[in-house]
Amino acid sequence: MTISTRVQEIFRETGAIAALTLRAITGIFQKPYYQREFVTQLDKIGVGSLFIILLTGLFTGMVMSLQALIQLKPFAATSYVGGMVAMVMVKELGPVLSALMVTGRVGSAITAELGTMVVTEQVDAMRVEGTDIVKRLVVSRLKAILVALPLLAVVTDTVALFGGYLMAAGSGVNLIMYLHSIPQFMALQDMFEGLAKPAFFGVIIAMIGCQVGLSTRGGAEGVGSSAKRAVVLSSVLILVADFFLTKIFIAFR
Amino acid sequence: MDRVRMGIMPSTGIRLDKVTYSVGGRLILQDFDLSLDRGVNRTILGVSGAGKTTILKLILGLIPPNSGSITIDGTEITGLSEARLREVRRPIAVVFQGGALFDSMTVGENVGYRLIEQGTKNPAEIERVVLEKLGFVGLEDAIDLYPAELSGGMKKRVAIARALAADPGYILFDEPTTGLDPIGVYNICELMRRLQQQGKTTLMVTHDLHTAFQVSQRFSFLHEARLVFEGTREELMAAGMEVTREFLSPTPRSLFAYTSPERTTA
């Protein structure tokens, strides 16, 4: 494939993702709502990801706390460890880690499921049966992920704070000191940032997962390569988007 | 026909006029014409990879042609939005090659899918229709099973029941008997014959001569992007063309000759 063909391909795909995103976002407010599909997806995405999110949050919080305690000890400032863990988790690691976990677990599953439906002609069958596949297959997943991912980020943050406290308690920091330091490091906008970022990442995961899945060609190999492409693309875009979102939030601070 | 042209009667049937379709530089159909009137049953024969499924996808508006005209009951479908296409597709149902049943739904939900989507019938009416259509294909007991629990033949029968649920005028069949055992083939052929007796318009694409001769009276033969033959079984058997002769009775000369057509748009 020549460079110009590759560039054309990238522009075409970006355009397709943008168009699908626009249709999906407007579709959120239009009937039919496919509530049953939404609840199924919410269960798969939200409840299904809970265990992996709990593990990720717990161990990340413990590691954050361990590292912070090493830095704070020489200054006799270990009582600030709660604030440090909270700030890093709520603003950055909570949203990014939960999004990356959901990408690996759910983004790949969305792509594989839709890709399989394409290659087995189920998507064509749905279109023939009179279904708007964007509303049924894409909007329901987008809505579910928009609800689930911010909640999962909150769970990650909460569990990480708990894990952080477990480590801090071992260094003589009591619960009151640990909790008291949190508002010293955090403002209300930080909480908003901690919810807005995962919602934005959710749009990335859902839209890339759906677009790549629906454009799958070939058989089982095509499904596999689509799932891999969706995970790589989503993960990179989440990290890039995180940088720009942080810049925007800093600008409006 | 004259009354149709004069606009007194609405034009009915499916028409493809000089349709050309290519993908990835490979020519699938060129200046392809097809006419399917209401109440007619017809079979398009051709080797694997000849573009038979493409014809069905073009009729359904699932893929757009490069050029040419496709009309369903007088409505030109090329260039229509997906929303308009959904309306135009209403009288058409299709039985896909692999059944294309929805994995996440039960047999009953699959069969009642279109009625649920249309939202014009209440759940009790939908259940009655589902049971009636499953009864037609002899699978009432499978209503709560999932597609993964069905054999290949049962999947095809459920796909036929799903196609019939909204009482379509046209039913398209894509290789309906491929991969089935003789009893499965007999069942599907019998169902298709019963549909024809009910006056349904059917279009089947297949490479299976046995099935074609069982259920059709008129045949077309697709070769190198065009229909090279149209006629009855007897006319097909008597046709002097080498390609149809080889298709009907392959000889050592036909080894690899017609299995991988490579046609370019250049």
# chains A, B, ... in the order shown; residues from 1 in each chain; ligands from 1

$ closest_atom_pairs --of "chain B" --to "chain A" --cutoff "6 Å" --atoms "only C-alpha atoms" --output "Markdown table"
| residue | atom | partner | partner_atom | distance |
| --- | --- | --- | --- | --- |
| B:Arg86 | CA | A:Gly130 | CA | 5.3 |
| B:Ala100 | CA | A:Gln122 | CA | 4.8 |
| B:Arg114 | CA | A:Glu129 | CA | 5.2 |

$ residues_around --residues "Val138 in chain A" --least-positions-apart "4" --cutoff "9 Å" --atoms "only C-alpha atoms" --output "ChimeraX atom specification"
/A:20,24,133-134,142-143,206-207,210-211

$ write_last_selection --atoms "N, CA, C and O atoms" --output "PDB file, in the first residue's frame"
ATOM      1  N   LEU A  20     -20.388   8.593  11.901  1.00  0.00           N
ATOM      2  CA  LEU A  20     -21.116   7.644  12.751  1.00  0.00           C
ATOM      3  C   LEU A  20     -21.347   8.238  14.149  1.00  0.00           C
ATOM      4  O   LEU A  20     -22.432   8.084  14.726  1.00  0.00           O
ATOM      5  N   ALA A  24     -24.856   8.818  15.865  1.00  0.00           N
ATOM      6  CA  ALA A  24     -25.139   8.120  17.126  1.00  0.00           C
ATOM      7  C   ALA A  24     -25.546   9.119  18.207  1.00  0.00           C
ATOM      8  O   ALA A  24     -26.493   8.859  18.968  1.00  0.00           O
ATOM      9  N   ILE A 133     -29.681   0.192  11.968  1.00  0.00           N
ATOM     10  CA  ILE A 133     -28.622  -0.488  12.736  1.00  0.00           C
ATOM     11  C   ILE A 133     -27.813   0.479  13.592  1.00  0.00           C
ATOM     12  O   ILE A 133     -27.250   0.088  14.605  1.00  0.00           O
ATOM     13  N   VAL A 134     -27.772   1.740  13.188  1.00  0.00           N
ATOM     14  CA  VAL A 134     -27.046   2.714  14.028  1.00  0.00           C
ATOM     15  C   VAL A 134     -27.768   2.855  15.362  1.00  0.00           C
ATOM     16  O   VAL A 134     -27.155   2.817  16.429  1.00  0.00           O
ATOM     17  N   LEU A 142     -23.329   3.070  22.828  1.00  0.00           N
ATOM     18  CA  LEU A 142     -22.800   4.388  23.219  1.00  0.00           C
ATOM     19  C   LEU A 142     -23.447   4.860  24.525  1.00  0.00           C
ATOM     20  O   LEU A 142     -22.760   5.318  25.451  1.00  0.00           O
ATOM     21  N   LYS A 143     -24.769   4.717  24.599  1.00  0.00           N
ATOM     22  CA  LYS A 143     -25.476   5.143  25.820  1.00  0.00           C
ATOM     23  C   LYS A 143     -24.976   4.357  27.030  1.00  0.00           C
ATOM     24  O   LYS A 143     -24.716   4.927  28.096  1.00  0.00           O
ATOM     25  N   ALA A 206     -16.598   3.470  22.297  1.00  0.00           N
ATOM     26  CA  ALA A 206     -17.819   2.983  21.636  1.00  0.00           C
ATOM     27  C   ALA A 206     -17.767   3.230  20.132  1.00  0.00           C
ATOM     28  O   ALA A 206     -18.071   2.323  19.340  1.00  0.00           O
ATOM     29  N   MET A 207     -17.358   4.432  19.750  1.00  0.00           N
ATOM     30  CA  MET A 207     -17.443   4.757  18.328  1.00  0.00           C
ATOM     31  C   MET A 207     -16.394   4.022  17.510  1.00  0.00           C
ATOM     32  O   MET A 207     -16.681   3.551  16.408  1.00  0.00           O
ATOM     33  N   CYS A 210     -17.472   0.338  17.385  1.00  0.00           N
ATOM     34  CA  CYS A 210     -18.603   0.103  16.472  1.00  0.00           C
ATOM     35  C   CYS A 210     -18.191   0.291  15.010  1.00  0.00           C
ATOM     36  O   CYS A 210     -18.521  -0.540  14.159  1.00  0.00           O
ATOM     37  N   GLN A 211     -17.487   1.382  14.718  1.00  0.00           N
ATOM     38  CA  GLN A 211     -17.125   1.649  13.322  1.00  0.00           C
ATOM     39  C   GLN A 211     -16.212   0.552  12.772  1.00  0.00           C
ATOM     40  O   GLN A 211     -16.432   0.041  11.671  1.00  0.00           O
TER      41      GLN A 211
END

$ residues_around --residues "Phe162 in chain A" --least-positions-apart "5" --cutoff "10 Å" --atoms "only C-alpha atoms" --output "ChimeraX atom specification"
/A:57-59,61-62,82,85,156-157,167-168

$ write_last_selection --atoms "C-alpha atoms" --output "compact mmCIF listing (two decimals), in the first residue's frame"
# COMPACT_ATOMS: atom_id res chain seq x y z
CA GLY A 57 -8.11 0.51 41.31
CA LEU A 58 -7.00 -1.30 44.46
CA PHE A 59 -3.47 -2.08 43.33
CA GLY A 61 -4.02 3.08 44.78
CA MET A 62 -1.69 0.97 46.90
CA GLY A 82 -4.49 10.87 50.90
CA VAL A 85 -3.50 9.72 45.87
CA THR A 156 -11.72 2.99 40.51
CA ASP A 157 -11.06 6.23 42.40
CA MET A 167 -0.63 1.41 52.75
CA ALA A 168 -0.78 4.75 54.58

$ closest_residue --among "B:Leu131, B:Leu85, B:Leu227, B:Leu145" --to "Thr106 in chain B" --atoms "only C-alpha atoms"
B:Leu145

$ residues_around --residues "range 95-103 of chain A" --least-positions-apart "3" --cutoff "6 Å" --atoms "only C-alpha atoms" --output "PDB file with N, CA, C and O atoms, in the first residue's frame"
ATOM      1  N   GLU A  92      -6.436  11.910  36.807  1.00  0.00           N
ATOM      2  CA  GLU A  92      -5.735  11.248  35.703  1.00  0.00           C
ATOM      3  C   GLU A  92      -5.899   9.730  35.664  1.00  0.00           C
ATOM      4  O   GLU A  92      -6.464   9.190  34.726  1.00  0.00           O
ATOM      5  N   VAL A 106     -14.067  -4.400  26.817  1.00  0.00           N
ATOM      6  CA  VAL A 106     -15.357  -4.143  26.159  1.00  0.00           C
ATOM      7  C   VAL A 106     -15.186  -3.680  24.706  1.00  0.00           C
ATOM      8  O   VAL A 106     -15.920  -4.128  23.830  1.00  0.00           O
ATOM      9  N   GLY A 107     -14.210  -2.787  24.468  1.00  0.00           N
ATOM     10  CA  GLY A 107     -14.012  -2.271  23.111  1.00  0.00           C
ATOM     11  C   GLY A 107     -13.759  -3.414  22.138  1.00  0.00           C
ATOM     12  O   GLY A 107     -14.350  -3.467  21.052  1.00  0.00           O
ATOM     13  N   ALA A 153     -15.160   4.798  36.665  1.00  0.00           N
ATOM     14  CA  ALA A 153     -14.036   5.659  37.067  1.00  0.00           C
ATOM     15  C   ALA A 153     -14.185   6.055  38.538  1.00  0.00           C
ATOM     16  O   ALA A 153     -13.200   6.074  39.284  1.00  0.00           O
ATOM     17  N   PRO A 198     -13.811  10.372  31.601  1.00  0.00           N
ATOM     18  CA  PRO A 198     -14.258   9.020  31.216  1.00  0.00           C
ATOM     19  C   PRO A 198     -15.437   9.038  30.252  1.00  0.00           C
ATOM     20  O   PRO A 198     -15.554   8.134  29.415  1.00  0.00           O
TER      21      PRO A 198
END

$ select_by_dssp --residues "range 65-128 of chain B" --states "helix (DSSP H, G or I)" --output "list in words"
Glu82, Ala83, Arg84, Leu85, Arg86, Glu87, Val88, Val107, Gly108, Glu109, Asn110, Val111, Tyr113, Arg114, Leu115, Ile116, Glu117, Gln118, Pro123, Ala124, Glu125, Ile126, Glu127 and Arg128 of chain B

$ write_last_selection --atoms "N, CA and C atoms" --output "PDB file, in the first residue's frame"
ATOM      1  N   GLU B  82     -31.044   5.481   3.609  1.00  0.00           N
ATOM      2  CA  GLU B  82     -31.315   4.215   4.309  1.00  0.00           C
ATOM      3  C   GLU B  82     -32.754   4.208   4.853  1.00  0.00           C
ATOM      4  N   ALA B  83     -33.224   5.376   5.299  1.00  0.00           N
ATOM      5  CA  ALA B  83     -34.592   5.451   5.842  1.00  0.00           C
ATOM      6  C   ALA B  83     -35.626   5.141   4.757  1.00  0.00           C
ATOM      7  N   ARG B  84     -35.419   5.668   3.546  1.00  0.00           N
ATOM      8  CA  ARG B  84     -36.347   5.406   2.443  1.00  0.00           C
ATOM      9  C   ARG B  84     -36.239   3.947   1.985  1.00  0.00           C
ATOM     10  N   LEU B  85     -34.987   3.454   2.007  1.00  0.00           N
ATOM     11  CA  LEU B  85     -34.782   2.057   1.605  1.00  0.00           C
ATOM     12  C   LEU B  85     -35.547   1.108   2.516  1.00  0.00           C
ATOM     13  N   ARG B  86     -35.601   1.455   3.814  1.00  0.00           N
ATOM     14  CA  ARG B  86     -36.341   0.594   4.758  1.00  0.00           C
ATOM     15  C   ARG B  86     -37.800   0.472   4.343  1.00  0.00           C
ATOM     16  N   GLU B  87     -38.371   1.560   3.835  1.00  0.00           N
ATOM     17  CA  GLU B  87     -39.772   1.515   3.389  1.00  0.00           C
ATOM     18  C   GLU B  87     -39.906   0.672   2.122  1.00  0.00           C
ATOM     19  N   VAL B  88     -38.965   0.891   1.176  1.00  0.00           N
ATOM     20  CA  VAL B  88     -39.045   0.183  -0.105  1.00  0.00           C
ATOM     21  C   VAL B  88     -38.843  -1.321   0.086  1.00  0.00           C
ATOM     22  N   VAL B 107     -35.379 -18.429  18.828  1.00  0.00           N
ATOM     23  CA  VAL B 107     -36.027 -18.682  17.536  1.00  0.00           C
ATOM     24  C   VAL B 107     -37.297 -17.835  17.413  1.00  0.00           C
ATOM     25  N   GLY B 108     -38.087 -17.812  18.478  1.00  0.00           N
ATOM     26  CA  GLY B 108     -39.336 -17.043  18.468  1.00  0.00           C
ATOM     27  C   GLY B 108     -39.076 -15.555  18.238  1.00  0.00           C
ATOM     28  N   GLU B 109     -38.054 -15.029  18.923  1.00  0.00           N
ATOM     29  CA  GLU B 109     -37.724 -13.602  18.765  1.00  0.00           C
ATOM     30  C   GLU B 109     -37.199 -13.318  17.366  1.00  0.00           C
ATOM     31  N   ASN B 110     -36.457 -14.281  16.809  1.00  0.00           N
ATOM     32  CA  ASN B 110     -35.974 -14.122  15.434  1.00  0.00           C
ATOM     33  C   ASN B 110     -37.132 -14.023  14.453  1.00  0.00           C
ATOM     34  N   VAL B 111     -38.079 -14.949  14.608  1.00  0.00           N
ATOM     35  CA  VAL B 111     -39.205 -14.995  13.662  1.00  0.00           C
ATOM     36  C   VAL B 111     -40.084 -13.746  13.804  1.00  0.00           C
ATOM     37  N   TYR B 113     -39.138 -10.857  14.769  1.00  0.00           N
ATOM     38  CA  TYR B 113     -38.308  -9.645  14.795  1.00  0.00           C
ATOM     39  C   TYR B 113     -38.899  -8.484  13.989  1.00  0.00           C
ATOM     40  N   ARG B 114     -39.278  -8.763  12.742  1.00  0.00           N
ATOM     41  CA  ARG B 114     -39.754  -7.679  11.883  1.00  0.00           C
ATOM     42  C   ARG B 114     -41.058  -7.082  12.422  1.00  0.00           C
ATOM     43  N   LEU B 115     -41.911  -7.946  12.949  1.00  0.00           N
ATOM     44  CA  LEU B 115     -43.190  -7.465  13.482  1.00  0.00           C
ATOM     45  C   LEU B 115     -42.954  -6.590  14.716  1.00  0.00           C
ATOM     46  N   ILE B 116     -41.985  -6.990  15.543  1.00  0.00           N
ATOM     47  CA  ILE B 116     -41.658  -6.184  16.730  1.00  0.00           C
ATOM     48  C   ILE B 116     -41.100  -4.831  16.280  1.00  0.00           C
ATOM     49  N   GLU B 117     -40.222  -4.861  15.268  1.00  0.00           N
ATOM     50  CA  GLU B 117     -39.616  -3.626  14.763  1.00  0.00           C
ATOM     51  C   GLU B 117     -40.678  -2.689  14.185  1.00  0.00           C
ATOM     52  N   GLN B 118     -41.646  -3.288  13.467  1.00  0.00           N
ATOM     53  CA  GLN B 118     -42.692  -2.454  12.853  1.00  0.00           C
ATOM     54  C   GLN B 118     -43.606  -1.840  13.899  1.00  0.00           C
ATOM     55  N   PRO B 123     -48.203  -7.872  21.380  1.00  0.00           N
ATOM     56  CA  PRO B 123     -47.439  -9.093  21.642  1.00  0.00           C
ATOM     57  C   PRO B 123     -48.220 -10.384  21.400  1.00  0.00           C
ATOM     58  N   ALA B 124     -49.513 -10.396  21.718  1.00  0.00           N
ATOM     59  CA  ALA B 124     -50.314 -11.613  21.525  1.00  0.00           C
ATOM     60  C   ALA B 124     -50.432 -11.940  20.034  1.00  0.00           C
ATOM     61  N   GLU B 125     -50.654 -10.913  19.224  1.00  0.00           N
ATOM     62  CA  GLU B 125     -50.754 -11.123  17.769  1.00  0.00           C
ATOM     63  C   GLU B 125     -49.422 -11.606  17.204  1.00  0.00           C
ATOM     64  N   ILE B 126     -48.336 -11.003  17.707  1.00  0.00           N
ATOM     65  CA  ILE B 126     -47.003 -11.397  17.224  1.00  0.00           C
ATOM     66  C   ILE B 126     -46.750 -12.868  17.560  1.00  0.00           C
ATOM     67  N   GLU B 127     -47.108 -13.266  18.770  1.00  0.00           N
ATOM     68  CA  GLU B 127     -46.892 -14.656  19.181  1.00  0.00           C
ATOM     69  C   GLU B 127     -47.693 -15.616  18.298  1.00  0.00           C
ATOM     70  N   ARG B 128     -48.926 -15.188  17.967  1.00  0.00           N
ATOM     71  CA  ARG B 128     -49.771 -16.032  17.102  1.00  0.00           C
ATOM     72  C   ARG B 128     -49.117 -16.209  15.733  1.00  0.00           C
TER      73      ARG B 128
END

$ residues_around --residues "range 204-220 of chain B" --least-positions-apart "6" --cutoff "7 Å" --atoms "only C-alpha atoms" --output "MDAnalysis selection string"
chainID B and resid 41:48 52 172:175 189 192:193 227 229:233

$ closest_residue --among "A:Gln189, A:Thr40, A:Thr111, A:Thr246" --to "Ala230 in chain A" --atoms "only C-alpha atoms"
A:Thr111

$ residues_around --residues "Asp141 in chain B" --least-positions-apart "2" --cutoff "12 Å" --atoms "only C-alpha atoms" --output "ChimeraX atom specification"
/B:106-108,130-132,134-135,137-139,143-146,150,154,158

$ residues_around --residues "Ile171 in chain B" --least-positions-apart "5" --cutoff "7 Å" --atoms "only C-alpha atoms" --output "list in words"
Ile92, Ala93, Val94, Thr201, Thr202 and Leu203 of chain B

$ select_by_dssp --residues "range 16-262 of chain B" --states "strand (DSSP E or B)" --output "count of residues only"
60

$ decode --residues "range 198-209 of chain A" --atoms "all heavy atoms" --output "PDB file, in the first residue's frame"
ATOM      1  N   PRO A 198     -13.811  10.372  31.601  1.00  0.00           N
ATOM      2  CA  PRO A 198     -14.258   9.020  31.216  1.00  0.00           C
ATOM      3  C   PRO A 198     -15.437   9.038  30.252  1.00  0.00           C
ATOM      4  O   PRO A 198     -15.554   8.134  29.415  1.00  0.00           O
ATOM      5  CB  PRO A 198     -14.631   8.357  32.546  1.00  0.00           C
ATOM      6  CG  PRO A 198     -14.653   9.420  33.557  1.00  0.00           C
ATOM      7  CD  PRO A 198     -13.808  10.540  33.057  1.00  0.00           C
ATOM      8  N   ALA A 199     -16.314  10.040  30.365  1.00  0.00           N
ATOM      9  CA  ALA A 199     -17.438  10.113  29.413  1.00  0.00           C
ATOM     10  C   ALA A 199     -16.887  10.324  28.003  1.00  0.00           C
ATOM     11  O   ALA A 199     -17.338   9.682  27.043  1.00  0.00           O
ATOM     12  CB  ALA A 199     -18.371  11.252  29.801  1.00  0.00           C
ATOM     13  N   PHE A 200     -15.900  11.205  27.884  1.00  0.00           N
ATOM     14  CA  PHE A 200     -15.298  11.463  26.575  1.00  0.00           C
ATOM     15  C   PHE A 200     -14.582  10.200  26.063  1.00  0.00           C
ATOM     16  O   PHE A 200     -14.704   9.840  24.896  1.00  0.00           O
ATOM     17  CB  PHE A 200     -14.304  12.627  26.695  1.00  0.00           C
ATOM     18  CG  PHE A 200     -13.898  13.191  25.373  1.00  0.00           C
ATOM     19  CD1 PHE A 200     -14.653  14.175  24.744  1.00  0.00           C
ATOM     20  CD2 PHE A 200     -12.762  12.725  24.734  1.00  0.00           C
ATOM     21  CE1 PHE A 200     -14.288  14.676  23.515  1.00  0.00           C
ATOM     22  CE2 PHE A 200     -12.378  13.224  23.498  1.00  0.00           C
ATOM     23  CZ  PHE A 200     -13.133  14.205  22.885  1.00  0.00           C
ATOM     24  N   PHE A 201     -13.856   9.548  26.966  1.00  0.00           N
ATOM     25  CA  PHE A 201     -13.161   8.311  26.560  1.00  0.00           C
ATOM     26  C   PHE A 201     -14.177   7.241  26.150  1.00  0.00           C
ATOM     27  O   PHE A 201     -13.905   6.427  25.269  1.00  0.00           O
ATOM     28  CB  PHE A 201     -12.298   7.765  27.710  1.00  0.00           C
ATOM     29  CG  PHE A 201     -11.191   8.693  28.157  1.00  0.00           C
ATOM     30  CD1 PHE A 201     -10.680   8.630  29.449  1.00  0.00           C
ATOM     31  CD2 PHE A 201     -10.662   9.633  27.293  1.00  0.00           C
ATOM     32  CE1 PHE A 201      -9.665   9.484  29.857  1.00  0.00           C
ATOM     33  CE2 PHE A 201      -9.646  10.501  27.685  1.00  0.00           C
ATOM     34  CZ  PHE A 201      -9.157  10.423  28.979  1.00  0.00           C
ATOM     35  N   GLY A 202     -15.322   7.252  26.794  1.00  0.00           N
ATOM     36  CA  GLY A 202     -16.381   6.295  26.459  1.00  0.00           C
ATOM     37  C   GLY A 202     -16.840   6.464  25.022  1.00  0.00           C
ATOM     38  O   GLY A 202     -17.071   5.480  24.308  1.00  0.00           O
ATOM     39  N   VAL A 203     -16.958   7.732  24.592  1.00  0.00           N
ATOM     40  CA  VAL A 203     -17.349   7.994  23.200  1.00  0.00           C
ATOM     41  C   VAL A 203     -16.290   7.408  22.262  1.00  0.00           C
ATOM     42  O   VAL A 203     -16.623   6.758  21.259  1.00  0.00           O
ATOM     43  CB  VAL A 203     -17.514   9.519  22.951  1.00  0.00           C
ATOM     44  CG1 VAL A 203     -17.793   9.800  21.479  1.00  0.00           C
ATOM     45  CG2 VAL A 203     -18.639  10.075  23.816  1.00  0.00           C
ATOM     46  N   ILE A 204     -15.021   7.595  22.610  1.00  0.00           N
ATOM     47  CA  ILE A 204     -13.928   7.055  21.766  1.00  0.00           C
ATOM     48  C   ILE A 204     -14.036   5.533  21.674  1.00  0.00           C
ATOM     49  O   ILE A 204     -14.017   4.957  20.583  1.00  0.00           O
ATOM     50  CB  ILE A 204     -12.547   7.462  22.348  1.00  0.00           C
ATOM     51  CG1 ILE A 204     -12.335   8.969  22.199  1.00  0.00           C
ATOM     52  CG2 ILE A 204     -11.414   6.684  21.668  1.00  0.00           C
ATOM     53  CD1 ILE A 204     -11.055   9.488  22.840  1.00  0.00           C
ATOM     54  N   ILE A 205     -14.183   4.882  22.830  1.00  0.00           N
ATOM     55  CA  ILE A 205     -14.225   3.403  22.847  1.00  0.00           C
ATOM     56  C   ILE A 205     -15.427   2.886  22.035  1.00  0.00           C
ATOM     57  O   ILE A 205     -15.300   1.996  21.197  1.00  0.00           O
ATOM     58  CB  ILE A 205     -14.309   2.868  24.291  1.00  0.00           C
ATOM     59  CG1 ILE A 205     -13.061   3.263  25.076  1.00  0.00           C
ATOM     60  CG2 ILE A 205     -14.477   1.347  24.308  1.00  0.00           C
ATOM     61  CD1 ILE A 205     -13.194   3.060  26.584  1.00  0.00           C
ATOM     62  N   ALA A 206     -16.598   3.470  22.297  1.00  0.00           N
ATOM     63  CA  ALA A 206     -17.819   2.983  21.636  1.00  0.00           C
ATOM     64  C   ALA A 206     -17.767   3.230  20.132  1.00  0.00           C
ATOM     65  O   ALA A 206     -18.071   2.323  19.340  1.00  0.00           O
ATOM     66  CB  ALA A 206     -19.044   3.654  22.240  1.00  0.00           C
ATOM     67  N   MET A 207     -17.358   4.432  19.750  1.00  0.00           N
ATOM     68  CA  MET A 207     -17.443   4.757  18.328  1.00  0.00           C
ATOM     69  C   MET A 207     -16.394   4.022  17.510  1.00  0.00           C
ATOM     70  O   MET A 207     -16.681   3.551  16.408  1.00  0.00           O
ATOM     71  CB  MET A 207     -17.338   6.272  18.102  1.00  0.00           C
ATOM     72  CG  MET A 207     -18.447   7.071  18.752  1.00  0.00           C
ATOM     73  SD  MET A 207     -20.078   6.293  18.732  1.00  0.00           S
ATOM     74  CE  MET A 207     -20.370   6.120  16.993  1.00  0.00           C
ATOM     75  N   ILE A 208     -15.180   3.916  18.051  1.00  0.00           N
ATOM     76  CA  ILE A 208     -14.150   3.171  17.310  1.00  0.00           C
ATOM     77  C   ILE A 208     -14.529   1.683  17.286  1.00  0.00           C
ATOM     78  O   ILE A 208     -14.444   1.034  16.238  1.00  0.00           O
ATOM     79  CB  ILE A 208     -12.757   3.402  17.925  1.00  0.00           C
ATOM     80  CG1 ILE A 208     -12.315   4.822  17.592  1.00  0.00           C
ATOM     81  CG2 ILE A 208     -11.734   2.383  17.394  1.00  0.00           C
ATOM     82  CD1 ILE A 208     -10.991   5.224  18.150  1.00  0.00           C
ATOM     83  N   GLY A 209     -14.977   1.172  18.416  1.00  0.00           N
ATOM     84  CA  GLY A 209     -15.384  -0.239  18.468  1.00  0.00           C
ATOM     85  C   GLY A 209     -16.474  -0.536  17.453  1.00  0.00           C
ATOM     86  O   GLY A 209     -16.406  -1.531  16.729  1.00  0.00           O
TER      87      GLY A 209
END
